[in-house]
$ cat coords21.pdb   # PDB, C-alpha atoms
ATOM      1  CA  LEU A   1       0.000   0.000   0.000  1.00  0.00           C
ATOM      2  CA  VAL A   2       1.209   3.466  -0.830  1.00  0.00           C
ATOM      3  CA  ARG A   3      -0.874   5.036   1.939  1.00  0.00           C
ATOM      4  CA  ARG A   4      -1.781   3.543   5.261  1.00  0.00           C
ATOM      5  CA  GLY A   5      -4.184   5.007   7.767  1.00  0.00           C
ATOM      6  CA  TRP A   6      -5.630   4.000  11.078  1.00  0.00           C
ATOM      7  CA  THR A   7      -8.723   2.462   9.471  1.00  0.00           C
ATOM      8  CA  SER A   8      -6.816   0.433   6.883  1.00  0.00           C
ATOM      9  CA  VAL A   9      -5.051  -1.944   9.309  1.00  0.00           C
ATOM     10  CA  GLU A  10      -6.158  -5.049  11.218  1.00  0.00           C
ATOM     11  CA  SER A  11      -6.116  -3.368  14.669  1.00  0.00           C
ATOM     12  CA  PRO A  12      -6.952   0.306  14.148  1.00  0.00           C
ATOM     13  CA  PHE A  13      -6.778   1.221  17.840  1.00  0.00           C
ATOM     14  CA  ASP A  14      -3.250  -0.171  18.227  1.00  0.00           C
ATOM     15  CA  PHE A  15      -1.875   3.222  17.235  1.00  0.00           C
ATOM     16  CA  TYR A  16       1.793   2.571  17.954  1.00  0.00           C
ATOM     17  CA  ASN A  17       2.097  -0.781  16.176  1.00  0.00           C
ATOM     18  CA  TYR A  18       3.658   0.483  12.967  1.00  0.00           C
ATOM     19  CA  SER A  19       4.144  -2.989  11.483  1.00  0.00           C
ATOM     20  CA  GLN A  20       0.471  -3.938  11.256  1.00  0.00           C
ATOM     21  CA  GLN A  21      -0.773  -5.715   8.184  1.00  0.00           C
ATOM     22  CA  PRO A  22      -3.476  -4.128   6.034  1.00  0.00           C
ATOM     23  CA  ARG A  23      -7.050  -5.311   6.477  1.00  0.00           C
ATOM     24  CA  LYS A  24      -8.455  -7.815   4.036  1.00  0.00           C
ATOM     25  CA  GLY A  25     -10.803  -6.457   1.385  1.00  0.00           C
ATOM     26  CA  ALA A  26     -11.462  -2.924   0.167  1.00  0.00           C
ATOM     27  CA  SER A  27     -11.237  -1.387   3.642  1.00  0.00           C
ATOM     28  CA  ARG A  28      -7.440  -1.677   3.340  1.00  0.00           C
ATOM     29  CA  PHE A  29      -7.640   1.411   1.087  1.00  0.00           C
ATOM     30  CA  GLU A  30      -9.372   3.613   3.682  1.00  0.00           C
ATOM     31  CA  TYR A  31      -6.420   5.697   4.745  1.00  0.00           C
ATOM     32  CA  SER A  32      -8.417   8.417   6.467  1.00  0.00           C
ATOM     33  CA  THR A  33     -11.538   9.049   8.492  1.00  0.00           C
ATOM     34  CA  PRO A  34     -14.662   9.663   6.400  1.00  0.00           C
ATOM     35  CA  ASN A  35     -15.745  13.303   6.476  1.00  0.00           C
ATOM     36  CA  GLY A  36     -18.950  12.914   8.485  1.00  0.00           C
ATOM     37  CA  MET A  37     -20.461  16.411   8.297  1.00  0.00           C
ATOM     38  CA  PRO A  38     -20.807  16.512   4.492  1.00  0.00           C
ATOM     39  CA  ILE A  39     -22.211  12.978   4.552  1.00  0.00           C
ATOM     40  CA  LEU A  40     -24.870  14.091   7.066  1.00  0.00           C
ATOM     41  CA  ALA A  41     -25.612  17.220   5.030  1.00  0.00           C
ATOM     42  CA  LEU A  42     -25.991  15.157   1.862  1.00  0.00           C
ATOM     43  CA  ASP A  43     -28.348  12.801   3.678  1.00  0.00           C
ATOM     44  CA  ALA A  44     -30.443  15.758   4.877  1.00  0.00           C
ATOM     45  CA  SER A  45     -30.517  17.235   1.358  1.00  0.00           C
ATOM     46  CA  LEU A  46     -31.576  13.973  -0.209  1.00  0.00           C
ATOM     47  CA  GLY A  47     -34.230  13.573   2.491  1.00  0.00           C
ATOM     48  CA  MET A  48     -35.598  16.983   1.586  1.00  0.00           C
ATOM     49  CA  PHE A  49     -35.868  15.994  -2.084  1.00  0.00           C
ATOM     50  CA  GLU A  50     -37.501  12.686  -1.155  1.00  0.00           C
ATOM     51  CA  SER A  51     -40.164  14.509   0.883  1.00  0.00           C
ATOM     52  CA  ILE A  52     -41.359  16.665  -2.036  1.00  0.00           C
ATOM     53  CA  ASP A  53     -44.753  15.635  -3.386  1.00  0.00           C
ATOM     54  CA  GLY A  54     -44.221  14.442  -6.929  1.00  0.00           C
ATOM     55  CA  GLY A  55     -40.524  13.740  -6.387  1.00  0.00           C
ATOM     56  CA  MET A  56     -37.839  14.836  -8.785  1.00  0.00           C
ATOM     57  CA  GLN A  57     -40.380  15.236 -11.599  1.00  0.00           C
ATOM     58  CA  ALA A  58     -42.029  17.991  -9.559  1.00  0.00           C
ATOM     59  CA  VAL A  59     -38.638  19.616  -8.934  1.00  0.00           C
ATOM     60  CA  GLU A  60     -37.861  19.526 -12.657  1.00  0.00           C
ATOM     61  CA  ALA A  61     -41.268  20.959 -13.565  1.00  0.00           C
ATOM     62  CA  ARG A  62     -40.851  23.799 -11.081  1.00  0.00           C
ATOM     63  CA  ILE A  63     -37.352  24.651 -12.311  1.00  0.00           C
ATOM     64  CA  LEU A  64     -38.509  24.642 -15.922  1.00  0.00           C
ATOM     65  CA  ALA A  65     -41.478  26.850 -15.028  1.00  0.00           C
ATOM     66  CA  LEU A  66     -39.184  29.344 -13.280  1.00  0.00           C
ATOM     67  CA  THR A  67     -36.660  29.386 -16.125  1.00  0.00           C
ATOM     68  CA  GLY A  68     -39.527  29.677 -18.628  1.00  0.00           C
ATOM     69  CA  HIS A  69     -40.804  32.722 -16.753  1.00  0.00           C
ATOM     70  CA  ALA A  70     -37.302  34.197 -16.757  1.00  0.00           C
ATOM     71  CA  ILE A  71     -36.817  33.518 -20.475  1.00  0.00           C
ATOM     72  CA  ALA A  72     -40.158  35.140 -21.349  1.00  0.00           C
ATOM     73  CA  GLY A  73     -39.294  38.200 -19.259  1.00  0.00           C
ATOM     74  CA  LEU A  74     -35.786  38.515 -20.685  1.00  0.00           C
ATOM     75  CA  GLU A  75     -37.143  38.324 -24.226  1.00  0.00           C
ATOM     76  CA  ARG A  76     -39.849  40.880 -23.388  1.00  0.00           C
ATOM     77  CA  LEU A  77     -37.071  43.239 -22.218  1.00  0.00           C
ATOM     78  CA  GLY A  78     -35.072  42.600 -25.413  1.00  0.00           C
ATOM     79  CA  PHE A  79     -32.214  40.547 -23.937  1.00  0.00           C
ATOM     80  CA  PRO A  80     -31.098  37.841 -26.393  1.00  0.00           C
ATOM     81  CA  VAL A  81     -31.499  34.479 -24.656  1.00  0.00           C
ATOM     82  CA  VAL A  82     -28.829  32.027 -25.804  1.00  0.00           C
ATOM     83  CA  THR A  83     -29.989  29.080 -23.707  1.00  0.00           C
ATOM     84  CA  PRO A  84     -31.370  26.229 -25.828  1.00  0.00           C
ATOM     85  CA  GLN A  85     -35.153  26.218 -25.583  1.00  0.00           C
ATOM     86  CA  GLY A  86     -36.133  23.077 -27.450  1.00  0.00           C
ATOM     87  CA  ARG A  87     -37.968  20.191 -25.829  1.00  0.00           C
ATOM     88  CA  GLY A  88     -35.488  18.199 -23.770  1.00  0.00           C
ATOM     89  CA  GLU A  89     -32.787  20.879 -24.109  1.00  0.00           C
ATOM     90  CA  ARG A  90     -33.745  23.164 -21.232  1.00  0.00           C
ATOM     91  CA  SER A  91     -32.247  23.071 -17.762  1.00  0.00           C
ATOM     92  CA  GLY A  92     -32.073  25.194 -14.636  1.00  0.00           C
ATOM     93  CA  ILE A  93     -29.603  27.553 -16.308  1.00  0.00           C
ATOM     94  CA  VAL A  94     -30.543  30.581 -18.383  1.00  0.00           C
ATOM     95  CA  CYS A  95     -27.855  32.491 -20.264  1.00  0.00           C
ATOM     96  CA  PHE A  96     -28.504  35.788 -21.963  1.00  0.00           C
ATOM     97  CA  SER A  97     -26.442  38.331 -23.855  1.00  0.00           C
ATOM     98  CA  PRO A  98     -26.305  42.019 -22.984  1.00  0.00           C
ATOM     99  CA  HIS A  99     -29.048  44.131 -24.476  1.00  0.00           C
ATOM    100  CA  PRO A 100     -28.166  44.933 -28.111  1.00  0.00           C
ATOM    101  CA  SER A 101     -29.010  48.632 -27.718  1.00  0.00           C
ATOM    102  CA  HIS A 102     -26.692  49.004 -24.705  1.00  0.00           C
ATOM    103  CA  HIS A 103     -23.222  48.244 -26.062  1.00  0.00           C
ATOM    104  CA  GLU A 104     -21.529  49.528 -22.904  1.00  0.00           C
ATOM    105  CA  MET A 105     -23.316  46.881 -20.823  1.00  0.00           C
ATOM    106  CA  THR A 106     -21.012  43.864 -20.479  1.00  0.00           C
ATOM    107  CA  PRO A 107     -22.030  40.611 -18.787  1.00  0.00           C
ATOM    108  CA  GLN A 108     -19.779  41.493 -15.842  1.00  0.00           C
ATOM    109  CA  ARG A 109     -21.389  44.910 -15.487  1.00  0.00           C
ATOM    110  CA  ILE A 110     -24.849  43.290 -15.515  1.00  0.00           C
ATOM    111  CA  VAL A 111     -23.721  40.881 -12.780  1.00  0.00           C
ATOM    112  CA  ASP A 112     -22.202  43.726 -10.756  1.00  0.00           C
ATOM    113  CA  GLU A 113     -25.350  45.865 -11.069  1.00  0.00           C
ATOM    114  CA  LEU A 114     -27.490  42.912  -9.994  1.00  0.00           C
ATOM    115  CA  ALA A 115     -25.175  42.121  -7.056  1.00  0.00           C
ATOM    116  CA  ALA A 116     -25.547  45.726  -5.874  1.00  0.00           C
ATOM    117  CA  ARG A 117     -29.259  44.879  -5.587  1.00  0.00           C
ATOM    118  CA  HIS A 118     -28.575  41.563  -3.798  1.00  0.00           C
ATOM    119  CA  ILE A 119     -29.406  39.515  -6.877  1.00  0.00           C
ATOM    120  CA  TYR A 120     -26.724  37.014  -7.729  1.00  0.00           C
ATOM    121  CA  ALA A 121     -25.857  35.908 -11.236  1.00  0.00           C
ATOM    122  CA  ALA A 122     -22.627  34.975 -12.999  1.00  0.00           C
ATOM    123  CA  ALA A 123     -20.723  36.339 -15.976  1.00  0.00           C
ATOM    124  CA  ARG A 124     -19.687  33.532 -18.305  1.00  0.00           C
ATOM    125  CA  GLY A 125     -17.746  34.836 -21.272  1.00  0.00           C
ATOM    126  CA  SER A 126     -20.109  36.813 -23.474  1.00  0.00           C
ATOM    127  CA  VAL A 127     -23.243  36.038 -21.438  1.00  0.00           C
ATOM    128  CA  ALA A 128     -24.791  36.556 -18.033  1.00  0.00           C
ATOM    129  CA  ARG A 129     -26.118  33.426 -16.348  1.00  0.00           C
ATOM    130  CA  ILE A 130     -28.875  32.836 -13.837  1.00  0.00           C
ATOM    131  CA  SER A 131     -29.659  29.452 -12.342  1.00  0.00           C
ATOM    132  CA  PRO A 132     -32.917  29.391 -10.403  1.00  0.00           C
ATOM    133  CA  HIS A 133     -33.755  26.267  -8.445  1.00  0.00           C
ATOM    134  CA  PHE A 134     -36.962  24.794  -7.035  1.00  0.00           C
ATOM    135  CA  TYR A 135     -36.722  26.864  -3.849  1.00  0.00           C
ATOM    136  CA  ASN A 136     -36.797  30.146  -5.782  1.00  0.00           C
ATOM    137  CA  THR A 137     -40.083  31.935  -6.375  1.00  0.00           C
ATOM    138  CA  VAL A 138     -41.765  33.626  -9.316  1.00  0.00           C
ATOM    139  CA  GLU A 139     -41.568  36.844  -7.291  1.00  0.00           C
ATOM    140  CA  GLU A 140     -37.774  36.501  -7.144  1.00  0.00           C
ATOM    141  CA  ILE A 141     -37.634  36.068 -10.923  1.00  0.00           C
ATOM    142  CA  ASP A 142     -39.821  39.180 -11.249  1.00  0.00           C
ATOM    143  CA  THR A 143     -37.414  41.043  -8.941  1.00  0.00           C
ATOM    144  CA  LEU A 144     -34.558  40.052 -11.264  1.00  0.00           C
ATOM    145  CA  LEU A 145     -36.480  41.183 -14.347  1.00  0.00           C
ATOM    146  CA  ASN A 146     -37.461  44.486 -12.709  1.00  0.00           C
ATOM    147  CA  ALA A 147     -33.819  45.084 -11.766  1.00  0.00           C
ATOM    148  CA  LEU A 148     -32.698  44.404 -15.344  1.00  0.00           C
ATOM    149  CA  GLU A 149     -35.304  46.844 -16.628  1.00  0.00           C
ATOM    150  CA  GLU A 150     -34.075  49.425 -14.125  1.00  0.00           C
ATOM    151  CA  ILE A 151     -30.460  48.825 -15.225  1.00  0.00           C
ATOM    152  CA  LEU A 152     -31.489  49.396 -18.853  1.00  0.00           C
ATOM    153  CA  HIS A 153     -33.001  52.774 -17.926  1.00  0.00           C
ATOM    154  CA  LEU A 154     -29.850  53.756 -16.019  1.00  0.00           C
ATOM    155  CA  THR A 155     -27.685  53.186 -19.066  1.00  0.00           C
ATOM    156  CA  ALA A 156     -30.070  54.773 -21.596  1.00  0.00           C
TER     157      ALA A 156
END
$ encode --input "coords21.pdb" --output "structure tokens"
Amino acid sequence: LVRRGWTSVESPFDFYNYSQQPRKGASRFEYSTPNGMPILALDASLGMFESIDGGMQAVEARILALTGHAIAGLERLGFPVVTPQGRGERSGIVCFSPHPSHHEMTPQRIVDELAARHIYAAARGSVARISPHFYNTVEEIDTLLNALEEILHLTA
């Protein structure tokens, strides 16, 4: 074994016996203690998803409804949406280009203006990206769209 840890040997609590043989089986490769807190957090997160009526299909439907609302609002405001919109192509990510009539507005400037309003997005190359999830609300998407409209008026 290249690495040896206290859980990979026959007598893990015999800390000062440096000549112990590795355990039999796959446990011989456990050279460290499992990180318990993230495992518990993952379990809690999965439990939350399992408790949702309709399961993951309901989560997907909600995300697609929220991103659909965002896409419709972005298009209404004149932002070119570059996210694929075909059946089976959509996801929880919406990318849009800066408004064509506001050449000074870069994706990073959009993100910075939104962050100043406590709305968090990301600049990804030539686009701004939002990624609503099932816990977001239609009202939050409307807040984003209202902020983008306000930003357009500031730069007019």
$ resolve_selection --input "coords21.pdb" --expression "the PyMOL selection byres ((chain A and resi 73) around 12)" --output "PDB file with C-alpha atoms, in the frame of the given file"
ATOM      1  CA  LEU A  66     -39.184  29.344 -13.280  1.00  0.00           C
ATOM      2  CA  THR A  67     -36.660  29.386 -16.125  1.00  0.00           C
ATOM      3  CA  GLY A  68     -39.527  29.677 -18.628  1.00  0.00           C
ATOM      4  CA  HIS A  69     -40.804  32.722 -16.753  1.00  0.00           C
ATOM      5  CA  ALA A  70     -37.302  34.197 -16.757  1.00  0.00           C
ATOM      6  CA  ILE A  71     -36.817  33.518 -20.475  1.00  0.00           C
ATOM      7  CA  ALA A  72     -40.158  35.140 -21.349  1.00  0.00           C
ATOM      8  CA  LEU A  74     -35.786  38.515 -20.685  1.00  0.00           C
ATOM      9  CA  GLU A  75     -37.143  38.324 -24.226  1.00  0.00           C
ATOM     10  CA  ARG A  76     -39.849  40.880 -23.388  1.00  0.00           C
ATOM     11  CA  LEU A  77     -37.071  43.239 -22.218  1.00  0.00           C
ATOM     12  CA  GLY A  78     -35.072  42.600 -25.413  1.00  0.00           C
ATOM     13  CA  PHE A  79     -32.214  40.547 -23.937  1.00  0.00           C
ATOM     14  CA  PRO A  80     -31.098  37.841 -26.393  1.00  0.00           C
ATOM     15  CA  VAL A  81     -31.499  34.479 -24.656  1.00  0.00           C
ATOM     16  CA  VAL A  94     -30.543  30.581 -18.383  1.00  0.00           C
ATOM     17  CA  PHE A  96     -28.504  35.788 -21.963  1.00  0.00           C
ATOM     18  CA  VAL A 138     -41.765  33.626  -9.316  1.00  0.00           C
ATOM     19  CA  ILE A 141     -37.634  36.068 -10.923  1.00  0.00           C
ATOM     20  CA  ASP A 142     -39.821  39.180 -11.249  1.00  0.00           C
ATOM     21  CA  THR A 143     -37.414  41.043  -8.941  1.00  0.00           C
ATOM     22  CA  LEU A 144     -34.558  40.052 -11.264  1.00  0.00           C
ATOM     23  CA  LEU A 145     -36.480  41.183 -14.347  1.00  0.00           C
ATOM     24  CA  ASN A 146     -37.461  44.486 -12.709  1.00  0.00           C
ATOM     25  CA  ALA A 147     -33.819  45.084 -11.766  1.00  0.00           C
ATOM     26  CA  LEU A 148     -32.698  44.404 -15.344  1.00  0.00           C
ATOM     27  CA  GLU A 149     -35.304  46.844 -16.628  1.00  0.00           C
TER      28      GLU A 149
END
$ atom_distance --input "coords21.pdb" --atom1 "atom CA of A:Leu152" --atom2 "atom CA of A:Ser131"
21.1 Å
$ closest_residue --input "coords21.pdb" --among "A:Gln57, A:Thr155, A:Gln85, A:Thr137" --to "A:Met105" --atoms "all atoms listed in the file"
A:Thr155
$ residues_around --input "coords21.pdb" --residues "A:Arg109" --least-positions-apart "6" --cutoff "10 Å" --atoms "all atoms listed in the file" --output "PyMOL selection string"
chain A and resi 98+115+123+128+151
$ residues_around --input "coords21.pdb" --residues "A:Ile130" --least-positions-apart "6" --cutoff "7 Å" --atoms "all atoms listed in the file" --output "PyMOL selection string"
chain A and resi 93-95+121-122
$ closest_residue --input "coords21.pdb" --among "A:Ser101, A:Pro107, A:Phe13, A:Leu64" --to "A:Gly88" --atoms "all atoms listed in the file"
A:Leu64
$ atom_distance --input "coords21.pdb" --atom1 "atom CA of A:Phe15" --atom2 "atom CA of A:Ile39"
25.9 Å
$ closest_residue --input "coords21.pdb" --among "A:Ser8, A:Gln20, A:Ser32, A:Asn136" --to "A:Arg62" --atoms "only C-alpha atoms"
A:Asn136
$ atom_distance --input "coords21.pdb" --atom1 "atom CA of A:Leu46" --atom2 "atom CA of A:Val59"
12.6 Å
$ axis_aligned_box --input "coords21.pdb" --around "stretch 25-43 of chain A" --padding-each-side "4 Å" --output "AutoDock Vina command-line options"
--center_x -17.4 --center_y 5.4 --center_z 4.3 --size_x 29.9 --size_y 31.7 --size_z 16.3
$ closest_residue --input "coords21.pdb" --among "A:Pro34, A:Gly86, A:Gly25, A:Gly92" --to "A:Val9" --atoms "all atoms listed in the file"
A:Gly25
$ closest_residue --input "coords21.pdb" --among "A:Gly5, A:Arg28, A:Ser97, A:Pro38" --to "A:Thr83" --atoms "all atoms listed in the file"
A:Ser97
$ closest_residue --input "coords21.pdb" --among "A:Glu140, A:Glu60, A:Ser45, A:His99" --to "A:His118" --atoms "all atoms listed in the file"
A:Glu140
$ residues_around --input "coords21.pdb" --residues "A:Pro22" --least-positions-apart "5" --cutoff "12 Å" --atoms "only C-alpha atoms" --output "list in words"
Leu1, Val2, Arg3, Arg4, Gly5, Trp6, Thr7, Ser8, Val9, Glu10, Ser11, Pro12, Ser27, Arg28, Phe29, Glu30 and Tyr31 of chain A
$ build_atoms --input "coords21.pdb" --residues "stretch 72-85 of chain A" --atoms "N, CA, C and O atoms" --output "PDB file, in the coordinates of the input"
ATOM      1  N   ALA A  72     -39.109  34.273 -20.788  1.00  0.00           N
ATOM      2  CA  ALA A  72     -40.158  35.140 -21.349  1.00  0.00           C
ATOM      3  C   ALA A  72     -39.920  36.592 -20.962  1.00  0.00           C
ATOM      4  O   ALA A  72     -40.049  37.501 -21.802  1.00  0.00           O
ATOM      5  N   GLY A  73     -39.553  36.836 -19.708  1.00  0.00           N
ATOM      6  CA  GLY A  73     -39.294  38.200 -19.259  1.00  0.00           C
ATOM      7  C   GLY A  73     -38.061  38.808 -19.901  1.00  0.00           C
ATOM      8  O   GLY A  73     -38.061  39.981 -20.292  1.00  0.00           O
ATOM      9  N   LEU A  74     -37.007  38.022 -20.029  1.00  0.00           N
ATOM     10  CA  LEU A  74     -35.786  38.515 -20.685  1.00  0.00           C
ATOM     11  C   LEU A  74     -36.067  38.885 -22.129  1.00  0.00           C
ATOM     12  O   LEU A  74     -35.627  39.941 -22.614  1.00  0.00           O
ATOM     13  N   GLU A  75     -36.810  38.036 -22.832  1.00  0.00           N
ATOM     14  CA  GLU A  75     -37.143  38.324 -24.226  1.00  0.00           C
ATOM     15  C   GLU A  75     -38.037  39.550 -24.334  1.00  0.00           C
ATOM     16  O   GLU A  75     -37.862  40.373 -25.237  1.00  0.00           O
ATOM     17  N   ARG A  76     -38.976  39.687 -23.392  1.00  0.00           N
ATOM     18  CA  ARG A  76     -39.849  40.880 -23.388  1.00  0.00           C
ATOM     19  C   ARG A  76     -39.015  42.155 -23.233  1.00  0.00           C
ATOM     20  O   ARG A  76     -39.297  43.179 -23.848  1.00  0.00           O
ATOM     21  N   LEU A  77     -37.943  42.080 -22.427  1.00  0.00           N
ATOM     22  CA  LEU A  77     -37.071  43.239 -22.218  1.00  0.00           C
ATOM     23  C   LEU A  77     -36.070  43.434 -23.356  1.00  0.00           C
ATOM     24  O   LEU A  77     -35.370  44.443 -23.398  1.00  0.00           O
ATOM     25  N   GLY A  78     -35.974  42.467 -24.271  1.00  0.00           N
ATOM     26  CA  GLY A  78     -35.072  42.600 -25.413  1.00  0.00           C
ATOM     27  C   GLY A  78     -33.692  41.991 -25.212  1.00  0.00           C
ATOM     28  O   GLY A  78     -32.797  42.202 -26.034  1.00  0.00           O
ATOM     29  N   PHE A  79     -33.494  41.224 -24.144  1.00  0.00           N
ATOM     30  CA  PHE A  79     -32.214  40.547 -23.937  1.00  0.00           C
ATOM     31  C   PHE A  79     -32.199  39.274 -24.786  1.00  0.00           C
ATOM     32  O   PHE A  79     -33.113  38.446 -24.667  1.00  0.00           O
ATOM     33  N   PRO A  80     -31.177  39.084 -25.612  1.00  0.00           N
ATOM     34  CA  PRO A  80     -31.098  37.841 -26.393  1.00  0.00           C
ATOM     35  C   PRO A  80     -30.798  36.646 -25.472  1.00  0.00           C
ATOM     36  O   PRO A  80     -29.790  36.628 -24.772  1.00  0.00           O
ATOM     37  N   VAL A  81     -31.684  35.684 -25.465  1.00  0.00           N
ATOM     38  CA  VAL A  81     -31.499  34.479 -24.656  1.00  0.00           C
ATOM     39  C   VAL A  81     -30.759  33.465 -25.515  1.00  0.00           C
ATOM     40  O   VAL A  81     -31.207  33.143 -26.620  1.00  0.00           O
ATOM     41  N   VAL A  82     -29.637  32.976 -25.031  1.00  0.00           N
ATOM     42  CA  VAL A  82     -28.829  32.027 -25.804  1.00  0.00           C
ATOM     43  C   VAL A  82     -28.996  30.593 -25.307  1.00  0.00           C
ATOM     44  O   VAL A  82     -28.485  29.663 -25.914  1.00  0.00           O
ATOM     45  N   THR A  83     -29.717  30.420 -24.231  1.00  0.00           N
ATOM     46  CA  THR A  83     -29.989  29.080 -23.707  1.00  0.00           C
ATOM     47  C   THR A  83     -30.851  28.303 -24.686  1.00  0.00           C
ATOM     48  O   THR A  83     -31.844  28.832 -25.185  1.00  0.00           O
ATOM     49  N   PRO A  84     -30.511  27.051 -24.972  1.00  0.00           N
ATOM     50  CA  PRO A  84     -31.370  26.229 -25.828  1.00  0.00           C
ATOM     51  C   PRO A  84     -32.773  26.135 -25.220  1.00  0.00           C
ATOM     52  O   PRO A  84     -32.933  25.991 -24.011  1.00  0.00           O
ATOM     53  N   GLN A  85     -33.782  26.219 -26.082  1.00  0.00           N
ATOM     54  CA  GLN A  85     -35.153  26.218 -25.583  1.00  0.00           C
ATOM     55  C   GLN A  85     -36.001  25.090 -26.158  1.00  0.00           C
ATOM     56  O   GLN A  85     -37.206  25.034 -25.916  1.00  0.00           O
TER      57      GLN A  85
END
